[in-house]
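Novice: To start, I am sharing the structure in question, which I have written as structure tokens.
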Amino acid sequence: MSSSSSEAIARLHAMMAAARSGGGNNGHAAAAFAAGTASATASTSGTKNNDTTTPVAVAEDAIQDGGNAIDTFSSYVPTALPHSILKALFDAHHSTTKSTQLAHNVHDMNIDDTTQQNNEVIEILDDSDDDCEQNATEHKNTSSSSSLSAAHYSSQLFTKNALIQSHTSPACESALLSSVSAGSDGALNDEAAATILPLVVEGKLSPLQAEGVTLAISRFHRVFTSKKEGNPKSTAVQRAGFFLGDGAGIGKGRQIAGTIRDAFCRNHGRGRHLWISTSRELVEDAKRDLKDVGCHVEVHDGVDLLGKIGSNGKGLGVGGSLGKGVLFITYSLLVSGKRLEDILTWLCAGKNDSKYQAEQSYDGMIVFDEAHKAKNLESDTRTAKLVLQLQDRLPLARVMYCSATGVSEISHMAYAVRLGMWGSANPLYPTFDSFKETLTRRGVGAMEMLALEMKRQGIFSSRTLSWEGADFHTVEVALSQSRTTQYDGAVQWWFKAKEEISDALQKVNMSGKMIWRLFYSAQQRFFKEMCICSKVDEIVAQSKEYLENGHAIVIGLQSTGEAGMDVTLNELAESLGQGSKTDLEKVDLPSLLSTCGSIMSNFLISHFPVSMPPPEAPRIPSVPPNGFSSDFERAEHMRLSEMAEQIKRMPPPQPIRELVMRRQALLDSIKDLDLPPNPLDDIIDRFGVDNVAEMTGRSGRILRKTENTFRYTKRFGGSKTSYGLQMPVSREDESDRLNVKERALFQSGKKSVAIISDAASTGVSLHADRRCKSSHKRRVHFTIELPWAADKAIQQLGRSHRSGQTTAPIYKMVVTDLGGERRFASAVSKRMAQLGALTKGDRRAATGTDLSSFDVDSVFGRRALSKLYTALSSLPCSPPSRNANAILDTFSSSQQLSGEEARIETLTTAFHALNDVGLGGEPNVKKFLNRIAGLEVMRQRLVFSLFMSTLDDVIADAKATGEWEGSVEDIKATSITLKSEEVIATDSSCNASTELTRLIIDRGVSYNAIVEIITADNDKQSDDTNMAAEKDEASADNTEREGSHRKQAKSGFYISKRKIAGRRLVMYAQQKVADEVGSDHDDPLGLMVITRPNTGKNPVEMPSKDVLYKYDILASSEEIVQHICSMKNQEGLDEEEEKKSDNDGPETKSQDVVNIVREQWGNVADLWDEAYDNSNHTNHNDGLAPRISEVGLITGAVLHILPALEKAVQVMTQSQRSLRVMRVETDQGRRIVGIRFPVTNEAAIERLMTNMSDVSKSRLGLISSFVDEPFTPISDKAMKWATTERKTMKSFFGATAATKPPSNTASVQPTAASEVVSKNSATSNVPSGNDKKRKKESTTPQRKKSKPTNITNFFGKKKDY
């Protein structure tokens, strides 16, 4: 290899090291502050601001305990690629660049210091930076130069504009996970990439996919050893597993195939491997993925192969075509009968050992694709138990878990025992329950740290397609008057039903506990369906607008309402008098059927009490194992058994006529409610069935026949089946096939609207695929029904966002303005936060957008509900929140009463509303949200508004005291420097160290930085100074905005009206939401972002009312901007002076502006400078809080010392006990992530060390060990067998002859330079003279005589030999 190539590879490694340690420089304080303010402003756009209340009193200039929320995603940078792959990628690019240079006659260019650029590829080194080459050279000599140059180059490596593309489509990773490198030792061993290196060069595996494969291969070489229970002399072994958590579009199947290919080449498992997935149809995808990576092995359909084993004996499959390959089965096949034993028989066949020994020594691959199917181990499902049993029976198998949603919450991780986080592999947590309890107690922050540790140890990988270009919107639908009337009428019906059921229960003398549970469950489903129906008008209207603009629509819901429709159809069949013999496909219906009405009628028919309850059978004790101890005991057992048998033979009680009539009256009243139709049928009817591709699991639907008639129509199964919906045995397969056809019609553009349900939310691609005819249509994905499980929501969103798309989709989560729907949004957002924390390392990363505003079922939600119940517990009621009066004024309908009397009347309405739905007492948020859905629209909005206002108060107070734990935060400051790093513990399960990192933080913001911020903000505004002046004249100081109930303070410098700690404090306040006339965003409290010279930007905003009450304005931002503009106009610089000013650069211009402001407002500058300088201490000085502070982070392996951490902070304040996850970036560009710990408290440090010592002593004798096995050598024979394409009858007699190239044409292996080679060889396609002669000699009879050879004409025609 040439010296230039070697140096380039060295630079690539330097860049990857920089990517592992962090990105570029932090920037100065002005940029950091401006970014923070911009993000704060952006966060209010289009959403309701929760920080709408006055926080509790804190020190005016205290350093607030918090930071800025980090970005959700960062571009993905592979940090663990082996050297051999980097070299191969570089050489391939070098070859491409050289060929391109020759083709274009570009000379004297060197890849080390020049840019060879086309639309997709540019050089890593940025030649516009004069110091690039110098920094790259200095990297070899000094560590400081190394970090700087690496930081400079790392942002250009494997990004969308870089030398090497990491993936076929832009990929990203959660910003938190990107802060740590994959694998504790950085780049992986070259041996791990030995079998896949050609695939990377040929482009069959992208660098991103290659990293996932090499991580898995490396992980499989770790084997945990521990003492067997009950036999300390015997050792138990268990091979480590790997979790591939990549999202849709990254290519999980291709990475699985690459890993299996490596196992075949090293002869693991004697050429037998297992692939488990969700659908039998996916076996074709498995075959395709294996073939794409050059692995030409048999993929056996489990149904066929295991059927042969079961029918022909255990010996079948040892040899022949069934003896090797990949066994592909589904989870449903795994749990059917005793298939586990058949699977083990096939995997371990061919060995002379006993079956037990064969199982113990099996070291092949087991792939759990879509592993979330096994998540319910805690619920003791058969699937989860057999997945766990399979892993236990084959302890040395190479286990790979694959799912983007494999752990939507911590309890769903139980099946992933091979991760080594608990059990025999990690005695620190001997059971999964102990592991779960520890993390659950610490909250979502601990789950984020878990994801970080898993990635750092090389256990876990989670990349996803970049969300760049995708738009996320929350569409809040206000109920129309007609929908409101429908809803209120339904509420009255449920109140009436409740009264009737109460009377009926008294008549039949029943407690009704179970009936009431079923009542509220049915009511919950009913109003959820009503909310979905209320969205149809808005969805259809928006969809038609998008369709007119050339978009394609995807509508996602979870259920189809088929179960309810079956009930309604059954009633209709009985009303016609023919029962199940009625063919409803021939019956005309006057309208679409209502799913809401079927929920009502089904509940009444099944659960309304119409007769006395039957006698309760006595409880019969079981027979003792050793028989009855006395004759009396035997006689009593016989007596109870006989009594139970008599009760069983008794006829059912006769219905009470009065109760039957009451039930019938309720059933009849359903018809008078004018309930909305099934939303799925309604959407199809509005768009037309020929325009909608329905991909659901339902068997039939109601379609329009004529203008006024409808008919029930089966989607599959034919029309011969009479009512009862008796479907063929293979109903699921028929549904899958129909959905595939519908998908093809949508992707081809023949249908413009697609509707998907939960049944079609896995494996279906509806994105703007560049290969399909509708690729020019951007997808607009409406989510109109939120699922209970977050993983289902993510699976559905992934249908329209995948690799190879021309445009990213528009996502619209549609919710109504009813508080009752928050029940469902709350459940989903909570699970999405847990899912994002566990699988992406960031609670916001599950969908690419923040759903935290929907999560009200939290400790703060319960606290707010308790305050609401207390305030409304008795008459007269009191306002529950600080902003309650504004809400009460909005909802007050009385015009005769005064303001205070009207508020009391509205509070009384809320009090009665809670009583009507049985709320009060224990603050159960789920129950609260369920029950208020049964209130009329106006009362529901009132109660929910009061609750949300109270929750805003609780959250604001929690933020002020430091109790609030938001998402992972960046610590932002003017300067952050590393003071020290100390190893305080080592995790014996993986040898990972735990460090106590101390950082010096300077939060101060200079006066010059504030002036720069003011001018920068003004440059971003489109309005000129004259408009600002007109706006100033139009509104006097501190006047109320038109149509608003608040006073908005101006942005500018302020000074406190009274002395605090002996001095008047100066600050800069900036409007969080711009105070613009006609603005769409109204901030009712006029929140101001506060910045002080000593403590920087305060994370807790201050309402304008408090600013105006406590502070006097010194100079407004508008005045400063106007003065700067007027001074520049007065100076009237000529052209030469302007050119000279331009040559001075931006720094000189900025300094001129600062001097202008300092000269005009010298008193303000002096006050700010004095506070800035006098606070340059670590302790309070001259009445000022210190600028300098010391922050501690526990970094590295953290989970193993969590118990010690918890004990160390038990006696501290609430903010110190929170142990929040924080991220910092030092001035040198190094990123550090860890749990914040109060290092300034020496007692806390001492308690931590003591507790860790105690924990270590308690774990003596429990510590397990591990062995990293050497890589198995590649078997040439096995590799040749696995990578050689098999000859088949078709390929031998048909395909090969038809596609065989001319003998003089050399086959070209695809490489990174293949595109250039193909261009250079294009002239070879020009026919020569001999070619023309041969073409001329080829006559028509000769072409007729030359027929393609196939098996029929080969064997069917008699040959002469």
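In the structure tokens, chains take letters A, B, ... by order of appearance, with residues numbered from 1 within each chain and ligands from 1 in the order shown.
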Please run DSSP on the backbone and report, as a short mmCIF file (atom, residue, chain, number, x, y, z; two decimals) with C-alpha atoms, in the first residue's frame, all residues within segment 399-561 of chain A that come out as alpha helix (DSSP H).
Specialist:
```cif
data_model
loop_
_atom_site.label_atom_id
_atom_site.label_comp_id
_atom_site.auth_asym_id
_atom_site.auth_seq_id
_atom_site.Cartn_x
_atom_site.Cartn_y
_atom_site.Cartn_z
CA PHE A 432 -34.65 -10.11 36.20
CA ASP A 433 -37.02 -8.86 38.90
CA SER A 434 -34.13 -7.25 40.82
CA PHE A 435 -32.86 -5.67 37.60
CA LYS A 436 -36.32 -4.37 36.69
CA GLU A 437 -37.00 -3.02 40.17
CA THR A 438 -33.77 -1.03 40.21
CA LEU A 439 -34.36 0.61 36.85
CA THR A 440 -38.07 1.17 37.34
CA ARG A 441 -37.42 2.96 40.60
CA ARG A 442 -34.99 5.35 38.91
CA VAL A 444 -36.86 6.85 32.42
CA GLY A 445 -33.44 8.38 33.10
CA ALA A 446 -32.11 4.99 34.21
CA MET A 447 -33.45 3.42 31.02
CA GLU A 448 -31.55 6.00 29.00
CA MET A 449 -28.36 5.13 30.89
CA LEU A 450 -29.07 1.44 30.22
CA ALA A 451 -29.19 2.09 26.47
CA LEU A 452 -25.91 4.00 26.70
CA GLU A 453 -24.20 1.19 28.59
CA MET A 454 -25.49 -1.43 26.19
CA LYS A 455 -24.13 0.47 23.20
CA ARG A 456 -20.82 1.16 24.95
CA GLN A 481 -72.06 21.66 16.58
CA SER A 482 -73.63 18.52 15.11
CA ARG A 483 -70.88 16.30 16.55
CA THR A 484 -71.25 18.01 19.91
CA THR A 485 -75.00 17.32 19.86
CA GLN A 486 -74.32 13.66 19.03
CA TYR A 487 -71.78 13.39 21.84
CA ASP A 488 -73.99 15.06 24.44
CA GLY A 489 -76.94 12.85 23.44
CA ALA A 490 -74.77 9.77 23.94
CA VAL A 491 -73.66 11.03 27.36
CA GLN A 492 -77.29 11.33 28.45
CA TRP A 493 -77.94 7.78 27.20
CA TRP A 494 -75.11 6.40 29.34
CA PHE A 495 -76.37 8.32 32.38
CA LYS A 496 -79.83 6.83 31.77
CA ALA A 497 -78.32 3.34 31.36
CA LYS A 498 -76.42 3.78 34.62
CA GLU A 499 -79.62 4.63 36.48
CA GLU A 500 -81.48 1.68 34.99
CA ILE A 501 -78.66 -0.73 35.85
CA SER A 502 -78.55 0.57 39.43
CA ASP A 503 -82.30 -0.04 39.84
CA ALA A 504 -82.02 -3.46 38.21
CA LEU A 505 -79.19 -4.50 40.54
CA GLN A 506 -81.30 -3.57 43.56
CA LYS A 507 -84.24 -5.60 42.27
CA VAL A 508 -82.15 -8.72 41.73
CA LYS A 513 -68.99 -5.04 41.02
CA MET A 514 -68.17 -6.90 37.82
CA ILE A 515 -71.05 -5.29 35.92
CA TRP A 516 -69.83 -1.78 36.77
CA ARG A 517 -66.34 -2.70 35.63
CA LEU A 518 -67.78 -3.88 32.32
CA PHE A 519 -69.99 -0.78 32.15
CA TYR A 520 -67.07 1.66 32.34
CA SER A 521 -65.02 -0.48 29.98
CA ALA A 522 -67.78 -0.38 27.36
CA GLN A 523 -68.26 3.34 27.95
CA GLN A 524 -64.54 3.92 27.43
CA ARG A 525 -64.53 2.03 24.12
CA PHE A 526 -67.69 3.84 23.04
CA PHE A 527 -66.34 7.35 23.56
CA LYS A 528 -63.00 6.41 22.03
CA GLU A 529 -64.93 5.35 18.92
CA MET A 530 -66.92 8.59 19.06
CA CYS A 531 -63.66 10.57 19.10
CA ILE A 532 -62.44 8.70 16.02
CA CYS A 533 -65.71 9.37 14.21
CA SER A 534 -65.43 13.05 15.08
CA LYS A 535 -62.14 13.27 13.17
CA VAL A 536 -63.45 11.91 9.87
CA ASP A 537 -64.73 15.27 8.55
CA GLU A 538 -61.39 17.01 9.15
CA ILE A 539 -59.32 14.11 7.80
CA VAL A 540 -61.34 13.83 4.60
CA ALA A 541 -61.23 17.60 4.04
CA GLN A 542 -57.46 17.79 4.51
CA SER A 543 -56.86 14.63 2.50
CA LYS A 544 -58.75 15.96 -0.51
CA GLU A 545 -56.65 19.11 -0.45
CA TYR A 546 -53.47 17.04 -0.40
CA LEU A 547 -54.76 14.80 -3.19
CA GLU A 548 -55.43 17.84 -5.35
#
```
Novice: Would you compute the distance between atom CA of Gln1071 of chain A and atom CA of Asp471 of chain A? Give it in Å to one decimal.
Specialist: 26.4 Å
Novice: So what do you get for atom CA of Ala1243 of chain A versus atom CA of Met1212 of chain A, distance-wise?
Specialist: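 Taking atom CA of Ala1243 of chain A as the start and atom CA of Met1212 of chain A as the end point, the length is 10.3 Å.
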Novice: Extract, using only C-alpha atoms, all DNA, RNA and protein residues at most 10 Å from Leu394 of chain A, discarding same-chain residues fewer than 2 positions from it, and format them as a list in words.
Specialist: Gln238, Arg239, Leu344, Leu347, Cys348, Tyr356, Gln357, Ala358, Glu359, Gln360, Ser361, Tyr362, Asp363, Gly364, Ile366, Gln389, Leu390, Gln391, Asp392, Leu396, Ala397, Arg398 and Val399 of chain A
Novice: Mind dumping the selected residues with N, CA and C atoms as a short mmCIF file (atom, residue, chain, number, x, y, z; two decimals), in the first residue's frame?
Specialist:
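As written to disk, again-v5.cif reads:
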```cif
data_model
loop_
_atom_site.label_atom_id
_atom_site.label_comp_id
_atom_site.auth_asym_id
_atom_site.auth_seq_id
_atom_site.Cartn_x
_atom_site.Cartn_y
_atom_site.Cartn_z
N GLN A 238 -22.62 -19.67 29.13
CA GLN A 238 -23.69 -19.06 28.35
C GLN A 238 -23.07 -18.03 27.41
N ARG A 239 -23.29 -18.20 26.12
CA ARG A 239 -22.71 -17.27 25.15
C ARG A 239 -23.49 -15.96 25.14
N LEU A 344 -35.14 -28.65 17.95
CA LEU A 344 -33.87 -29.03 18.57
C LEU A 344 -33.29 -30.29 17.91
N LEU A 347 -31.65 -29.05 14.65
CA LEU A 347 -30.46 -28.23 14.87
C LEU A 347 -29.27 -29.06 15.34
N CYS A 348 -29.53 -30.04 16.20
CA CYS A 348 -28.44 -30.80 16.83
C CYS A 348 -28.19 -32.15 16.18
N TYR A 356 -28.57 -34.33 25.01
CA TYR A 356 -28.23 -33.27 25.96
C TYR A 356 -26.87 -32.66 25.62
N GLN A 357 -25.88 -33.52 25.36
CA GLN A 357 -24.55 -33.00 25.03
C GLN A 357 -24.56 -32.25 23.71
N ALA A 358 -25.34 -32.74 22.76
CA ALA A 358 -25.44 -32.05 21.47
C ALA A 358 -26.04 -30.66 21.65
N GLU A 359 -27.06 -30.55 22.51
CA GLU A 359 -27.67 -29.25 22.76
C GLU A 359 -26.69 -28.32 23.48
N GLN A 360 -25.94 -28.86 24.43
CA GLN A 360 -25.01 -28.04 25.20
C GLN A 360 -23.85 -27.52 24.34
N SER A 361 -23.52 -28.23 23.26
CA SER A 361 -22.38 -27.83 22.44
C SER A 361 -22.78 -27.13 21.15
N TYR A 362 -24.06 -27.04 20.85
CA TYR A 362 -24.50 -26.38 19.61
C TYR A 362 -24.11 -24.91 19.64
N ASP A 363 -23.44 -24.43 18.59
CA ASP A 363 -22.96 -23.04 18.57
C ASP A 363 -23.39 -22.30 17.31
N GLY A 364 -24.50 -22.71 16.72
CA GLY A 364 -25.01 -22.03 15.53
C GLY A 364 -25.78 -20.77 15.88
N ILE A 366 -29.17 -18.40 16.27
CA ILE A 366 -30.61 -18.34 16.51
C ILE A 366 -31.01 -16.88 16.39
N GLN A 389 -36.99 -20.87 26.88
CA GLN A 389 -36.58 -22.26 26.98
C GLN A 389 -35.60 -22.64 25.86
N LEU A 390 -35.83 -22.14 24.66
CA LEU A 390 -34.94 -22.42 23.55
C LEU A 390 -33.53 -21.91 23.85
N GLN A 391 -33.43 -20.73 24.46
CA GLN A 391 -32.12 -20.18 24.80
C GLN A 391 -31.46 -20.99 25.91
N ASP A 392 -32.25 -21.46 26.87
CA ASP A 392 -31.68 -22.25 27.96
C ASP A 392 -31.17 -23.60 27.47
N LEU A 396 -24.78 -22.29 24.17
CA LEU A 396 -23.67 -21.76 23.38
C LEU A 396 -24.12 -21.25 22.01
N ALA A 397 -25.41 -21.24 21.77
CA ALA A 397 -25.92 -20.72 20.49
C ALA A 397 -25.65 -19.22 20.40
N ARG A 398 -25.45 -18.76 19.20
CA ARG A 398 -25.24 -17.33 18.93
C ARG A 398 -26.61 -16.68 18.72
N VAL A 399 -27.08 -15.96 19.73
CA VAL A 399 -28.46 -15.44 19.75
C VAL A 399 -28.45 -13.97 19.33
#
```
Novice: Quick one: pick out all strand (DSSP E) residues within segment 233-472 of chain A from a backbone DSSP run and write them as a ChimeraX atom specification.
Specialist: /A:233-239,242-244,272-277,299-301,325-330,365-369,398-402,460-461,464-465,471-472
Novice: Can you tell me which residues surround segment 769-778 of chain A at a distance of at most 6 Å, considering only C-alpha atoms, apart from same-chain residues fewer than 5 positions away, and format the answer as a ChimeraX atom specification?
Specialist: /A:550-552,747-749,804-807
Novice: Considering only C-alpha atoms, return as a PyMOL selection string whatever protein or nucleic-acid residues lie within 7 Å of Glu585 of chain A, sequence-local ones (same chain, fewer than 3 positions apart) excluded.
Specialist: chain A and resi 711-713
Novice: Find the distance between atom CA of Arg931 of chain A and atom CA of Ala910 of chain A and write it in Å to one decimal.
Specialist: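 Those two atoms sit 13.4 Å apart.
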Novice: Between A:Ala617, A:Leu282, A:Val417, A:Val859, which is the closest to Met643 of chain A once you count only C-alpha atoms?
Specialist: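 Looking only at the distances to Met643 of chain A, the closest residue turns out to be A:Ala617.
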Novice: Using only C-alpha atoms, which of A:Leu244, A:Ala808, A:Leu274, A:Val689 sits nearest Glu468 of chain A?
Specialist: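 Looking only at the distances to Glu468 of chain A, the closest residue turns out to be A:Ala808.
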Novice: What's the 10 Å shell around Leu1167 of chain A, counting only C-alpha atoms, without same-chain residues fewer than 6 positions away, as a PyMOL selection string?
Specialist: chain A and resi 1007+1055+1064-1067+1093
